[in-house]
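**Student:** Okay, here's the structure, questions in a sec.
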Amino acid sequence: MTKIDLFTMCIIQDGEKILLLNRPSRKGFPGYIGAGGKVDFPESLTEAAIREVWEETGLTVKDLVYKGLDEYVDPQKNYRYMVFNYLAKSFEGTLLKNPPEGELLWVPIHEAYDLPMQPWFKRRLPLFFEEGTFEIYEVWDKDEQNTIKESVKKL
């Protein structure tokens with residue numbers, strides 16, 4: 001049986017700035033990242049994205065635009081990790097003063113790429129601002145500890 005984990009990520013954009021979280025090492029995936037997290041059963045993907053953004057930032061996002069899928073597969077473990085990515089330009093609320101997942105920062109889009117971030121997030125980030133949707137697919141070889149197949153497609 002294949003184990004499948006579903007996650008969301010949402011980039012919040014306000015004009016030429018985006019909101020990023022600076023995750024500490026103790027939370028895993030340290031560095032700057034978009035808000036998001038695990039989809040709780042039985043919520044929908046968009047419900048999960050809205051909930052995760054609210055929990056991590058204090059903002060309520062509206063009018064989500066689906067941007068694409070980032071998928072990681074480990075055949076040896078029969079495991080699939082899927083991240084559904086959204087862009088939100090409409091939101092309301094007040095940023096949390098002590099966010100649970102890390103410090104929040106509004107940063108100009110063109111400066112965001114210079115911040116410390118995971119390589120997989122740096123690869124994905126520009127795709128949020130391009131027309132259409134994307135699909136990132138990566139197959140991992142556990143024994144060799146490397147990627148054996150990878151594709152990034154515009155759909």
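If you're wondering about the labels, chains in the structure tokens are A, B, ... by order shown, residues count from 1 in each chain, ligands from 1 in order shown.
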Against region 18-24 of chain A, which residues of region 64-147 of chain A fall within 7 Å? For each one I want the closest pair of atoms and the distance in Å (one decimal), counting only C-alpha atoms, rows by chain and increasing residue number, as JSON lines.

**Tutor:**
```
{"residue": "A:Glu101", "atom": "CA", "partner": "A:Arg23", "partner_atom": "CA", "distance": 6.0}
{"residue": "A:Gly102", "atom": "CA", "partner": "A:Arg23", "partner_atom": "CA", "distance": 4.7}
{"residue": "A:Glu103", "atom": "CA", "partner": "A:Asn22", "partner_atom": "CA", "distance": 5.1}
{"residue": "A:Leu104", "atom": "CA", "partner": "A:Leu21", "partner_atom": "CA", "distance": 4.7}
{"residue": "A:Leu105", "atom": "CA", "partner": "A:Leu20", "partner_atom": "CA", "distance": 5.4}
{"residue": "A:Trp106", "atom": "CA", "partner": "A:Leu19", "partner_atom": "CA", "distance": 4.5}
{"residue": "A:Val107", "atom": "CA", "partner": "A:Ile18", "partner_atom": "CA", "distance": 5.5}
{"residue": "A:Pro108", "atom": "CA", "partner": "A:Ile18", "partner_atom": "CA", "distance": 6.3}
{"residue": "A:Ile109", "atom": "CA", "partner": "A:Ile18", "partner_atom": "CA", "distance": 6.1}
```

**Student:** Print the selection's residues with C-alpha atoms to a file, as a PDB file, in the first residue's frame.

**Tutor:**
```pdb
ATOM      1  CA  GLU A 101       6.330  28.578  12.960  1.00  0.00           C
ATOM      2  CA  GLY A 102       8.861  31.422  12.849  1.00  0.00           C
ATOM      3  CA  GLU A 103       9.330  35.139  12.246  1.00  0.00           C
ATOM      4  CA  LEU A 104       7.161  36.712   9.519  1.00  0.00           C
ATOM      5  CA  LEU A 105       8.665  39.077   6.964  1.00  0.00           C
ATOM      6  CA  TRP A 106       7.140  41.101   4.137  1.00  0.00           C
ATOM      7  CA  VAL A 107       9.857  41.222   1.482  1.00  0.00           C
ATOM      8  CA  PRO A 108       9.992  42.563  -2.083  1.00  0.00           C
ATOM      9  CA  ILE A 109       9.687  39.635  -4.492  1.00  0.00           C
TER      10      ILE A 109
END
```

**Student:** Could you list, as a PDB file with N, CA and C atoms, in the first residue's frame, every residue within 7 Å of Glu135 (chain A), counting only C-alpha atoms and ignoring same-chain residues fewer than 6 positions away?

**Tutor:**
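Ended up saving to part.pdb:
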```pdb
ATOM      1  N   GLY A  68       0.116  25.074  -8.631  1.00  0.00           N
ATOM      2  CA  GLY A  68       0.732  23.841  -9.093  1.00  0.00           C
ATOM      3  C   GLY A  68       1.028  22.854  -7.987  1.00  0.00           C
ATOM      4  N   LEU A  69       1.620  21.736  -8.413  1.00  0.00           N
ATOM      5  CA  LEU A  69       1.900  20.603  -7.547  1.00  0.00           C
ATOM      6  C   LEU A  69       3.396  20.356  -7.486  1.00  0.00           C
ATOM      7  N   ASP A  70       3.903  20.163  -6.281  1.00  0.00           N
ATOM      8  CA  ASP A  70       5.280  19.730  -6.068  1.00  0.00           C
ATOM      9  C   ASP A  70       5.181  18.361  -5.410  1.00  0.00           C
ATOM     10  N   VAL A 152      10.442  19.522 -13.989  1.00  0.00           N
ATOM     11  CA  VAL A 152       9.705  20.747 -13.676  1.00  0.00           C
ATOM     12  C   VAL A 152       9.003  21.129 -14.965  1.00  0.00           C
ATOM     13  N   LYS A 153       7.671  21.130 -14.925  1.00  0.00           N
ATOM     14  CA  LYS A 153       6.894  21.412 -16.138  1.00  0.00           C
ATOM     15  C   LYS A 153       5.939  22.575 -15.910  1.00  0.00           C
ATOM     16  N   LYS A 154       5.774  23.368 -16.951  1.00  0.00           N
ATOM     17  CA  LYS A 154       4.709  24.366 -16.983  1.00  0.00           C
ATOM     18  C   LYS A 154       3.531  23.713 -17.683  1.00  0.00           C
TER      19      LYS A 154
END
```

**Student:** Would you mind listing what lies within 12 Å of Pro119 (chain A) as a list in words, with only C-alpha atoms counted and same-chain residues fewer than 5 positions away left out?

**Tutor:**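 After dropping sequence-adjacent residues, the list is Phe29, Pro30, Gly31, Tyr32, Ile33, Tyr113, Asp114, Arg124 and Leu125 of chain A.
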
**Student:** Write out, as a PDB file, in the first residue's frame, the residues just selected, with N, CA and C atoms.

**Tutor:**
```
ATOM      1  N   PHE A  29      13.268  22.128   7.970  1.00  0.00           N
ATOM      2  CA  PHE A  29      13.291  23.010   6.796  1.00  0.00           C
ATOM      3  C   PHE A  29      13.616  24.454   7.183  1.00  0.00           C
ATOM      4  N   PRO A  30      14.773  24.701   7.820  1.00  0.00           N
ATOM      5  CA  PRO A  30      15.083  26.069   8.236  1.00  0.00           C
ATOM      6  C   PRO A  30      15.256  27.013   7.057  1.00  0.00           C
ATOM      7  N   GLY A  31      15.023  28.286   7.324  1.00  0.00           N
ATOM      8  CA  GLY A  31      15.124  29.331   6.315  1.00  0.00           C
ATOM      9  C   GLY A  31      13.752  29.853   5.941  1.00  0.00           C
ATOM     10  N   TYR A  32      13.719  30.714   4.957  1.00  0.00           N
ATOM     11  CA  TYR A  32      12.459  31.356   4.552  1.00  0.00           C
ATOM     12  C   TYR A  32      11.638  30.421   3.682  1.00  0.00           C
ATOM     13  N   ILE A  33      10.331  30.471   3.904  1.00  0.00           N
ATOM     14  CA  ILE A  33       9.399  29.543   3.267  1.00  0.00           C
ATOM     15  C   ILE A  33       8.011  30.192   3.276  1.00  0.00           C
ATOM     16  N   TYR A 113      14.684  36.095  -3.232  1.00  0.00           N
ATOM     17  CA  TYR A 113      15.578  35.037  -3.717  1.00  0.00           C
ATOM     18  C   TYR A 113      16.959  35.088  -3.055  1.00  0.00           C
ATOM     19  N   ASP A 114      17.302  36.221  -2.431  1.00  0.00           N
ATOM     20  CA  ASP A 114      18.595  36.360  -1.758  1.00  0.00           C
ATOM     21  C   ASP A 114      18.561  35.887  -0.308  1.00  0.00           C
ATOM     22  N   ARG A 124      10.967  26.442  -6.476  1.00  0.00           N
ATOM     23  CA  ARG A 124       9.519  26.576  -6.638  1.00  0.00           C
ATOM     24  C   ARG A 124       9.048  28.033  -6.643  1.00  0.00           C
ATOM     25  N   LEU A 125       9.679  28.901  -5.865  1.00  0.00           N
ATOM     26  CA  LEU A 125       9.185  30.261  -5.651  1.00  0.00           C
ATOM     27  C   LEU A 125       8.880  31.050  -6.934  1.00  0.00           C
TER      28      LEU A 125
END
```

**Student:** Any idea what's packed within 8 Å of Leu59 (chain A), counting only C-alpha atoms, ignoring anything in its chain fewer than 4 positions away? Could you give it as JSON, numbers by chain?

**Tutor:** {"A": [53, 54, 91, 92, 93, 94, 95]}

**Student:** So that I have them on file, write out the residues from the current selection with N, CA and C atoms, as a tab-separated table (two decimals), in the first residue's frame.

**Tutor:**
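What ended up in out-v3.tsv:
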```tsv
chain	number	residue	atom	x	y	z
A	53	VAL	N	-2.53	29.02	6.71
A	53	VAL	CA	-2.11	30.43	6.65
A	53	VAL	C	-2.57	31.16	7.90
A	54	TRP	N	-3.81	30.95	8.28
A	54	TRP	CA	-4.35	31.63	9.47
A	54	TRP	C	-3.58	31.22	10.73
A	91	PHE	N	-6.47	39.25	1.24
A	91	PHE	CA	-6.40	38.75	2.61
A	91	PHE	C	-6.86	39.84	3.57
A	92	GLU	N	-7.15	39.41	4.80
A	92	GLU	CA	-7.50	40.36	5.85
A	92	GLU	C	-6.98	39.83	7.17
A	93	GLY	N	-6.90	40.72	8.15
A	93	GLY	CA	-6.44	40.32	9.47
A	93	GLY	C	-5.17	41.04	9.85
A	94	THR	N	-4.63	40.66	10.99
A	94	THR	CA	-3.42	41.26	11.55
A	94	THR	C	-2.39	40.17	11.77
A	95	LEU	N	-1.16	40.44	11.38
A	95	LEU	CA	-0.10	39.46	11.57
A	95	LEU	C	0.07	39.13	13.05
```

**Student:** Just asking: which residues within region 40-92 of chain A are strand (DSSP E or B) according to DSSP, as a list of chain:residue names?

**Tutor:** A:Leu59, A:Thr60, A:Val61, A:Lys62, A:Val65, A:Tyr66, A:Lys67, A:Gly68, A:Leu69, A:Asp70, A:Glu71, A:Tyr72, A:Val73, A:Asp74, A:Tyr79, A:Arg80, A:Tyr81, A:Met82, A:Val83, A:Phe84, A:Asn85, A:Tyr86, A:Leu87, A:Ala88, A:Ser90, A:Phe91, A:Glu92

**Student:** Could you pull the residues within 6 Å of region 72-86 of chain A, counting only C-alpha atoms, minus those fewer than 4 positions along the same chain, as a list in words?

**Tutor:** Thr2, Lys3, Ile4, Asp5, Leu6, Phe7, Thr8, Met9, Cys10, Val65, Tyr66, Lys67, Gly68, Glu138, Val139 and Trp140 of chain A

**Student:** When distances are computed from only C-alpha atoms, which of A:Lys149, A:Ile12, A:Ala48, A:Leu115 shows the smallest separation from Ala88 (chain A)?

**Tutor:**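 When distances to Ala88 (chain A) are compared using only C-alpha atoms, the smallest one comes from A:Ile12.
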
**Student:** Pick from A:Met1, A:Met117, A:Ala49, A:Ile136: nearest to Glu71 (chain A), with only C-alpha atoms counted?

**Tutor:** A:Ile136

**Student:** Hey, which of A:Val39, A:Arg26, A:Leu155, A:Ile148 ends up closest to Thr133 (chain A)? Count only C-alpha atoms.

**Tutor:**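 For Thr133 (chain A), the nearest of the given residues is A:Leu155.
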
**Student:** Kindly give the distance, in Å, that separates CA of Lys17 (chain A) and CA of Ala35 (chain A), rounded to a single decimal.

**Tutor:**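 Taking CA of Lys17 (chain A) and CA of Ala35 (chain A), their separation equals 14.6 Å.
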
**Student:** Ser90 (chain A): which residues within 9 Å, counting only C-alpha atoms, same-chain residues fewer than 4 positions away excluded, as a VMD selection string?

**Tutor:** chain A and resid 12 to 14 60 to 64

**Student:** Please, could you write that set of residues out with N, CA and C atoms as a PDB file, in the first residue's frame?

**Tutor:**
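Result went into part_11.pdb, see below:
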```
ATOM      1  N   ILE A  12       1.503  34.633  -0.019  1.00  0.00           N
ATOM      2  CA  ILE A  12       0.621  35.797   0.112  1.00  0.00           C
ATOM      3  C   ILE A  12       1.352  36.976  -0.501  1.00  0.00           C
ATOM      4  N   GLN A  13       0.700  37.615  -1.470  1.00  0.00           N
ATOM      5  CA  GLN A  13       1.316  38.724  -2.187  1.00  0.00           C
ATOM      6  C   GLN A  13       0.529  39.998  -1.940  1.00  0.00           C
ATOM      7  N   ASP A  14       1.252  41.061  -1.627  1.00  0.00           N
ATOM      8  CA  ASP A  14       0.662  42.385  -1.448  1.00  0.00           C
ATOM      9  C   ASP A  14       1.469  43.344  -2.320  1.00  0.00           C
ATOM     10  N   THR A  60      -6.344  35.864   7.101  1.00  0.00           N
ATOM     11  CA  THR A  60      -7.327  35.037   6.402  1.00  0.00           C
ATOM     12  C   THR A  60      -7.218  35.359   4.920  1.00  0.00           C
ATOM     13  N   VAL A  61      -6.814  34.353   4.133  1.00  0.00           N
ATOM     14  CA  VAL A  61      -6.654  34.562   2.689  1.00  0.00           C
ATOM     15  C   VAL A  61      -7.959  34.231   1.977  1.00  0.00           C
ATOM     16  N   LYS A  62      -8.170  34.923   0.845  1.00  0.00           N
ATOM     17  CA  LYS A  62      -9.364  34.717   0.025  1.00  0.00           C
ATOM     18  C   LYS A  62      -8.929  34.622  -1.435  1.00  0.00           C
ATOM     19  N   ASP A  63      -9.835  34.126  -2.263  1.00  0.00           N
ATOM     20  CA  ASP A  63      -9.605  34.085  -3.716  1.00  0.00           C
ATOM     21  C   ASP A  63      -8.280  33.407  -4.069  1.00  0.00           C
ATOM     22  N   LEU A  64      -8.049  32.230  -3.498  1.00  0.00           N
ATOM     23  CA  LEU A  64      -6.807  31.505  -3.773  1.00  0.00           C
ATOM     24  C   LEU A  64      -6.718  31.121  -5.248  1.00  0.00           C
TER      25      LEU A  64
END
```

**Student:** May I ask for the distance between CA of Ser151 (chain A) and CA of Ser44 (chain A), given in Å to one decimal place?

**Tutor:** 26.4 Å
